$ cat upload.cif   # mmCIF, C-alpha atoms, pLDDT in the B column; chains and numbers go by the auth columns
data_entry
#
loop_
_atom_site.group_PDB
_atom_site.id
_atom_site.type_symbol
_atom_site.label_atom_id
_atom_site.label_comp_id
_atom_site.label_asym_id
_atom_site.label_seq_id
_atom_site.Cartn_x
_atom_site.Cartn_y
_atom_site.Cartn_z
_atom_site.B_iso_or_equiv
_atom_site.auth_seq_id
_atom_site.auth_asym_id
ATOM 1 C CA MET A 1 0.000 0.000 0.000 80.00 22 F
ATOM 2 C CA ASP A 2 1.198 3.538 -0.769 92.00 23 F
ATOM 3 C CA ILE A 3 2.321 5.127 2.519 94.00 24 F
ATOM 4 C CA ARG A 4 1.144 8.547 1.284 95.00 25 F
ATOM 5 C CA LYS A 5 -2.391 7.194 0.963 95.00 26 F
ATOM 6 C CA VAL A 6 -2.163 5.499 4.373 95.00 27 F
ATOM 7 C CA PHE A 7 -0.959 8.740 5.964 96.00 28 F
ATOM 8 C CA GLY A 8 -3.536 10.886 4.163 96.00 29 F
ATOM 9 C CA GLY A 9 -6.400 8.530 4.898 96.00 30 F
ATOM 10 C CA ASN A 10 -5.521 8.364 8.584 97.00 31 F
ATOM 11 C CA ALA A 11 -5.155 12.138 8.781 97.00 32 F
ATOM 12 C CA ARG A 12 -8.595 12.563 7.210 97.00 33 F
ATOM 13 C CA ARG A 13 -10.160 9.951 9.496 97.00 34 F
ATOM 14 C CA PHE A 14 -8.769 11.625 12.627 97.00 35 F
ATOM 15 C CA ARG A 15 -9.732 15.086 11.370 98.00 36 F
ATOM 16 C CA LEU A 16 -13.321 14.011 10.780 98.00 37 F
ATOM 17 C CA ALA A 17 -13.483 12.105 14.080 97.00 38 F
ATOM 18 C CA PHE A 18 -12.561 15.311 15.902 97.00 39 F
ATOM 19 C CA GLY A 19 -15.033 17.339 13.863 98.00 40 F
ATOM 20 C CA LEU A 20 -12.378 19.555 12.295 98.00 41 F
ATOM 21 C CA SER A 21 -12.473 21.111 8.849 98.00 42 F
ATOM 22 C CA GLN A 22 -9.475 21.117 6.539 98.00 43 F
ATOM 23 C CA GLU A 23 -9.314 24.865 7.111 98.00 44 F
ATOM 24 C CA ALA A 24 -9.130 24.409 10.894 98.00 45 F
ATOM 25 C CA VAL A 25 -6.272 21.909 10.610 98.00 46 F
ATOM 26 C CA ALA A 26 -4.473 24.116 8.091 97.00 47 F
ATOM 27 C CA GLU A 27 -4.762 27.076 10.445 97.00 48 F
ATOM 28 C CA ARG A 28 -3.356 25.035 13.343 96.00 49 F
ATOM 29 C CA MET A 29 -0.423 23.999 11.144 96.00 50 F
ATOM 30 C CA GLY A 30 0.143 27.369 9.496 95.00 51 F
ATOM 31 C CA VAL A 31 -0.378 26.006 5.975 96.00 52 F
ATOM 32 C CA ASP A 32 -2.915 26.438 3.185 96.00 53 F
ATOM 33 C CA ARG A 33 -6.127 24.354 3.107 97.00 54 F
ATOM 34 C CA ALA A 34 -5.154 23.057 -0.345 97.00 55 F
ATOM 35 C CA PHE A 35 -2.041 21.502 1.214 97.00 56 F
ATOM 36 C CA ILE A 36 -4.214 19.546 3.665 97.00 57 F
ATOM 37 C CA SER A 37 -6.487 18.441 0.820 97.00 58 F
ATOM 38 C CA SER A 38 -3.623 17.140 -1.316 97.00 59 F
ATOM 39 C CA MET A 39 -2.032 15.468 1.691 97.00 60 F
ATOM 40 C CA GLU A 40 -5.278 13.656 2.562 97.00 61 F
ATOM 41 C CA ARG A 41 -5.573 12.435 -1.023 96.00 62 F
ATOM 42 C CA GLY A 42 -2.046 10.995 -0.914 95.00 63 F
ATOM 43 C CA LEU A 43 -0.653 13.447 -3.443 95.00 64 F
ATOM 44 C CA GLN A 44 1.779 15.126 -1.058 90.00 65 F
ATOM 45 C CA ASN A 45 5.074 13.679 0.152 91.00 66 F
ATOM 46 C CA ALA A 46 5.001 14.467 3.865 91.00 67 F
ATOM 47 C CA THR A 47 8.254 15.321 5.597 95.00 68 F
ATOM 48 C CA LEU A 48 8.972 14.324 9.182 96.00 69 F
ATOM 49 C CA LEU A 49 8.213 17.896 10.191 96.00 70 F
ATOM 50 C CA THR A 50 4.845 17.776 8.397 95.00 71 F
ATOM 51 C CA ILE A 51 3.974 14.476 10.082 97.00 72 F
ATOM 52 C CA TRP A 52 4.847 15.984 13.452 97.00 73 F
ATOM 53 C CA GLN A 53 2.855 19.172 12.765 97.00 74 F
ATOM 54 C CA ILE A 54 -0.322 17.413 11.686 97.00 75 F
ATOM 55 C CA ALA A 55 -0.059 14.991 14.616 98.00 76 F
ATOM 56 C CA GLN A 56 0.136 17.997 16.937 97.00 77 F
ATOM 57 C CA ALA A 57 -2.783 19.698 15.161 97.00 78 F
ATOM 58 C CA LEU A 58 -4.915 16.544 15.473 97.00 79 F
ATOM 59 C CA GLU A 59 -3.647 15.693 18.971 96.00 80 F
ATOM 60 C CA VAL A 60 -2.587 12.164 17.980 97.00 81 F
ATOM 61 C CA ARG A 61 0.732 10.334 17.964 97.00 82 F
ATOM 62 C CA PRO A 62 2.726 10.580 14.716 97.00 83 F
ATOM 63 C CA ALA A 63 2.761 6.761 14.582 96.00 84 F
ATOM 64 C CA ASP A 64 -1.065 6.750 14.479 96.00 85 F
ATOM 65 C CA LEU A 65 -0.920 8.544 11.145 97.00 86 F
ATOM 66 C CA LEU A 66 1.288 5.823 9.634 95.00 87 F
ATOM 67 C CA ASP A 67 -0.650 2.792 10.905 94.00 88 F
ATOM 68 C CA GLU A 68 -1.697 0.679 7.912 90.00 89 F
ATOM 69 C CA ARG A 69 -4.232 -1.264 9.978 85.00 90 F
ATOM 70 C CA ALA A 70 -6.066 1.920 10.987 74.00 91 F
ATOM 71 C CA SER A 71 -6.182 3.104 7.375 61.00 92 F
ATOM 72 C CA LYS A 72 -8.385 0.125 6.484 63.00 93 F
ATOM 73 C CA ILE A 73 -11.100 1.236 8.943 57.00 94 F
ATOM 74 C CA ARG A 74 -13.724 3.290 7.158 51.00 95 F
ATOM 75 C CA SER A 75 -15.001 6.456 8.837 45.00 96 F
#

$ encode --input "upload.cif" --output "structure tokens"
Amino acid sequence: MDIRKVFGGNARRFRLAFGLSQEAVAERMGVDRAFISSMERGLQNATLLTIWQIAQALEVRPADLLDERASKIRS
């Protein structure tokens, strides 16, 4: 499985579970909403810093965003 899609899918699932919009997460990270959108769709190569920033914005562990098992759970 493509790790970018795993990461993006998990980020989206957590974002929705916490009732956050892409705009809210982008604001917490200091990035543009379009960046969040492309990241959630697996189009963006996330750096370690990006993984850390989105984990902080979503209040989850960075490892949770890379968990392939969690990515298979539908929200």

$ atom_distance --input "upload.cif" --atom1 "CA of Arg25 in chain F" --atom2 "CA of Gln74 in chain F"
15.7 Å

$ atom_distance --input "upload.cif" --atom1 "CA of Thr68 in chain F" --atom2 "CA of Gly40 in chain F"
24.8 Å

$ resolve_selection --input "upload.cif" --expression "the PyMOL selection byres ((chain F and resi 51-60) around 10)" --output "MDAnalysis selection string"
chainID F and resid 25:26 28:30 32:33 42:50 61:67 71 74:75 78

$ closest_residue --input "upload.cif" --among "F:Leu41, F:Leu70, F:Phe35, F:Met22" --to "Arg90 in chain F" --atoms "all atoms listed in the file"
F:Met22

$ atom_distance --input "upload.cif" --atom1 "CA of Leu69 in chain F" --atom2 "CA of Arg82 in chain F"
12.7 Å

$ closest_residue --input "upload.cif" --among "F:Val27, F:Phe39, F:Arg34, F:Ile72" --to "Asp88 in chain F" --atoms "only C-alpha atoms"
F:Val27

$ axis_aligned_box --input "upload.cif" --around "range 54-72 of chain F" --padding-each-side "5 Å" --output "AutoDock Vina command-line options"
--center_x 1.2 --center_y 17.7 --center_z 3.4 --size_x 25.5 --size_y 23.4 --size_z 23.6

$ resolve_selection --input "upload.cif" --expression "the PyMOL selection byres ((chain F and resi 87) around 8)" --output "VMD selection string"
chain F and resid 24 27 to 28 31 83 to 86 88 to 89

$ decode --input "upload.cif" --residues "range 56-67 of chain F" --atoms "all heavy atoms" --output "PDB file, in the first residue's frame"
ATOM      1  N   PHE F  56      -3.111  22.416   0.806  1.00  0.00           N
ATOM      2  CA  PHE F  56      -2.041  21.502   1.214  1.00  0.00           C
ATOM      3  C   PHE F  56      -2.632  20.321   1.983  1.00  0.00           C
ATOM      4  O   PHE F  56      -2.265  19.167   1.746  1.00  0.00           O
ATOM      5  CB  PHE F  56      -1.009  22.244   2.074  1.00  0.00           C
ATOM      6  CG  PHE F  56       0.100  21.369   2.575  1.00  0.00           C
ATOM      7  CD1 PHE F  56       1.144  21.010   1.745  1.00  0.00           C
ATOM      8  CD2 PHE F  56       0.092  20.898   3.879  1.00  0.00           C
ATOM      9  CE1 PHE F  56       2.172  20.193   2.206  1.00  0.00           C
ATOM     10  CE2 PHE F  56       1.107  20.090   4.350  1.00  0.00           C
ATOM     11  CZ  PHE F  56       2.149  19.734   3.514  1.00  0.00           C
ATOM     12  N   ILE F  57      -3.558  20.596   2.889  1.00  0.00           N
ATOM     13  CA  ILE F  57      -4.214  19.546   3.665  1.00  0.00           C
ATOM     14  C   ILE F  57      -4.995  18.626   2.727  1.00  0.00           C
ATOM     15  O   ILE F  57      -4.933  17.404   2.838  1.00  0.00           O
ATOM     16  CB  ILE F  57      -5.150  20.147   4.742  1.00  0.00           C
ATOM     17  CG1 ILE F  57      -4.382  21.059   5.700  1.00  0.00           C
ATOM     18  CG2 ILE F  57      -5.883  19.034   5.504  1.00  0.00           C
ATOM     19  CD1 ILE F  57      -3.276  20.392   6.482  1.00  0.00           C
ATOM     20  N   SER F  58      -5.710  19.219   1.780  1.00  0.00           N
ATOM     21  CA  SER F  58      -6.487  18.441   0.820  1.00  0.00           C
ATOM     22  C   SER F  58      -5.593  17.494   0.021  1.00  0.00           C
ATOM     23  O   SER F  58      -5.893  16.297  -0.099  1.00  0.00           O
ATOM     24  CB  SER F  58      -7.239  19.378  -0.128  1.00  0.00           C
ATOM     25  OG  SER F  58      -7.897  18.642  -1.129  1.00  0.00           O
ATOM     26  N   SER F  59      -4.504  17.998  -0.506  1.00  0.00           N
ATOM     27  CA  SER F  59      -3.623  17.140  -1.316  1.00  0.00           C
ATOM     28  C   SER F  59      -2.931  16.087  -0.458  1.00  0.00           C
ATOM     29  O   SER F  59      -2.700  14.968  -0.913  1.00  0.00           O
ATOM     30  CB  SER F  59      -2.613  17.976  -2.105  1.00  0.00           C
ATOM     31  OG  SER F  59      -1.710  18.612  -1.255  1.00  0.00           O
ATOM     32  N   MET F  60      -2.646  16.427   0.782  1.00  0.00           N
ATOM     33  CA  MET F  60      -2.032  15.468   1.691  1.00  0.00           C
ATOM     34  C   MET F  60      -3.015  14.335   1.998  1.00  0.00           C
ATOM     35  O   MET F  60      -2.648  13.159   1.960  1.00  0.00           O
ATOM     36  CB  MET F  60      -1.619  16.176   2.983  1.00  0.00           C
ATOM     37  CG  MET F  60      -0.798  15.333   3.902  1.00  0.00           C
ATOM     38  SD  MET F  60      -0.168  16.266   5.296  1.00  0.00           S
ATOM     39  CE  MET F  60      -1.640  17.038   5.911  1.00  0.00           C
ATOM     40  N   GLU F  61      -4.268  14.674   2.264  1.00  0.00           N
ATOM     41  CA  GLU F  61      -5.278  13.656   2.562  1.00  0.00           C
ATOM     42  C   GLU F  61      -5.542  12.747   1.366  1.00  0.00           C
ATOM     43  O   GLU F  61      -5.923  11.595   1.544  1.00  0.00           O
ATOM     44  CB  GLU F  61      -6.584  14.319   3.015  1.00  0.00           C
ATOM     45  CG  GLU F  61      -6.513  14.897   4.402  1.00  0.00           C
ATOM     46  CD  GLU F  61      -7.839  15.460   4.888  1.00  0.00           C
ATOM     47  OE1 GLU F  61      -8.822  15.476   4.116  1.00  0.00           O
ATOM     48  OE2 GLU F  61      -7.890  15.897   6.048  1.00  0.00           O
ATOM     49  N   ARG F  62      -5.357  13.243   0.179  1.00  0.00           N
ATOM     50  CA  ARG F  62      -5.573  12.435  -1.023  1.00  0.00           C
ATOM     51  C   ARG F  62      -4.334  11.629  -1.409  1.00  0.00           C
ATOM     52  O   ARG F  62      -4.347  10.894  -2.398  1.00  0.00           O
ATOM     53  CB  ARG F  62      -6.001  13.329  -2.190  1.00  0.00           C
ATOM     54  CG  ARG F  62      -7.410  13.881  -1.991  1.00  0.00           C
ATOM     55  CD  ARG F  62      -7.860  14.744  -3.141  1.00  0.00           C
ATOM     56  NE  ARG F  62      -7.141  16.015  -3.089  1.00  0.00           N
ATOM     57  CZ  ARG F  62      -6.666  16.662  -4.148  1.00  0.00           C
ATOM     58  NH1 ARG F  62      -6.821  16.180  -5.358  1.00  0.00           N
ATOM     59  NH2 ARG F  62      -6.039  17.799  -4.000  1.00  0.00           N
ATOM     60  N   GLY F  63      -3.261  11.753  -0.653  1.00  0.00           N
ATOM     61  CA  GLY F  63      -2.046  10.995  -0.914  1.00  0.00           C
ATOM     62  C   GLY F  63      -1.209  11.554  -2.040  1.00  0.00           C
ATOM     63  O   GLY F  63      -0.390  10.848  -2.622  1.00  0.00           O
ATOM     64  N   LEU F  64      -1.405  12.821  -2.354  1.00  0.00           N
ATOM     65  CA  LEU F  64      -0.653  13.447  -3.443  1.00  0.00           C
ATOM     66  C   LEU F  64       0.603  14.169  -2.961  1.00  0.00           C
ATOM     67  O   LEU F  64       1.442  14.536  -3.762  1.00  0.00           O
ATOM     68  CB  LEU F  64      -1.551  14.453  -4.188  1.00  0.00           C
ATOM     69  CG  LEU F  64      -2.845  13.880  -4.761  1.00  0.00           C
ATOM     70  CD1 LEU F  64      -3.673  14.991  -5.378  1.00  0.00           C
ATOM     71  CD2 LEU F  64      -2.536  12.793  -5.774  1.00  0.00           C
ATOM     72  N   GLN F  65       0.699  14.344  -1.658  1.00  0.00           N
ATOM     73  CA  GLN F  65       1.779  15.126  -1.058  1.00  0.00           C
ATOM     74  C   GLN F  65       2.764  14.189  -0.367  1.00  0.00           C
ATOM     75  O   GLN F  65       2.357  13.282   0.348  1.00  0.00           O
ATOM     76  CB  GLN F  65       1.152  16.092  -0.047  1.00  0.00           C
ATOM     77  CG  GLN F  65       1.965  17.272   0.321  1.00  0.00           C
ATOM     78  CD  GLN F  65       2.115  18.247  -0.809  1.00  0.00           C
ATOM     79  OE1 GLN F  65       2.423  17.886  -1.921  1.00  0.00           O
ATOM     80  NE2 GLN F  65       1.923  19.495  -0.532  1.00  0.00           N
ATOM     81  N   ASN F  66       4.049  14.407  -0.582  1.00  0.00           N
ATOM     82  CA  ASN F  66       5.074  13.679   0.152  1.00  0.00           C
ATOM     83  C   ASN F  66       5.294  14.406   1.470  1.00  0.00           C
ATOM     84  O   ASN F  66       5.841  15.500   1.486  1.00  0.00           O
ATOM     85  CB  ASN F  66       6.381  13.656  -0.637  1.00  0.00           C
ATOM     86  CG  ASN F  66       6.691  12.316  -1.222  1.00  0.00           C
ATOM     87  OD1 ASN F  66       6.147  11.301  -0.803  1.00  0.00           O
ATOM     88  ND2 ASN F  66       7.576  12.301  -2.193  1.00  0.00           N
ATOM     89  N   ALA F  67       4.876  13.817   2.563  1.00  0.00           N
ATOM     90  CA  ALA F  67       5.001  14.467   3.865  1.00  0.00           C
ATOM     91  C   ALA F  67       6.418  14.299   4.410  1.00  0.00           C
ATOM     92  O   ALA F  67       6.976  13.203   4.374  1.00  0.00           O
ATOM     93  CB  ALA F  67       3.999  13.871   4.838  1.00  0.00           C
TER      94      ALA F  67
END
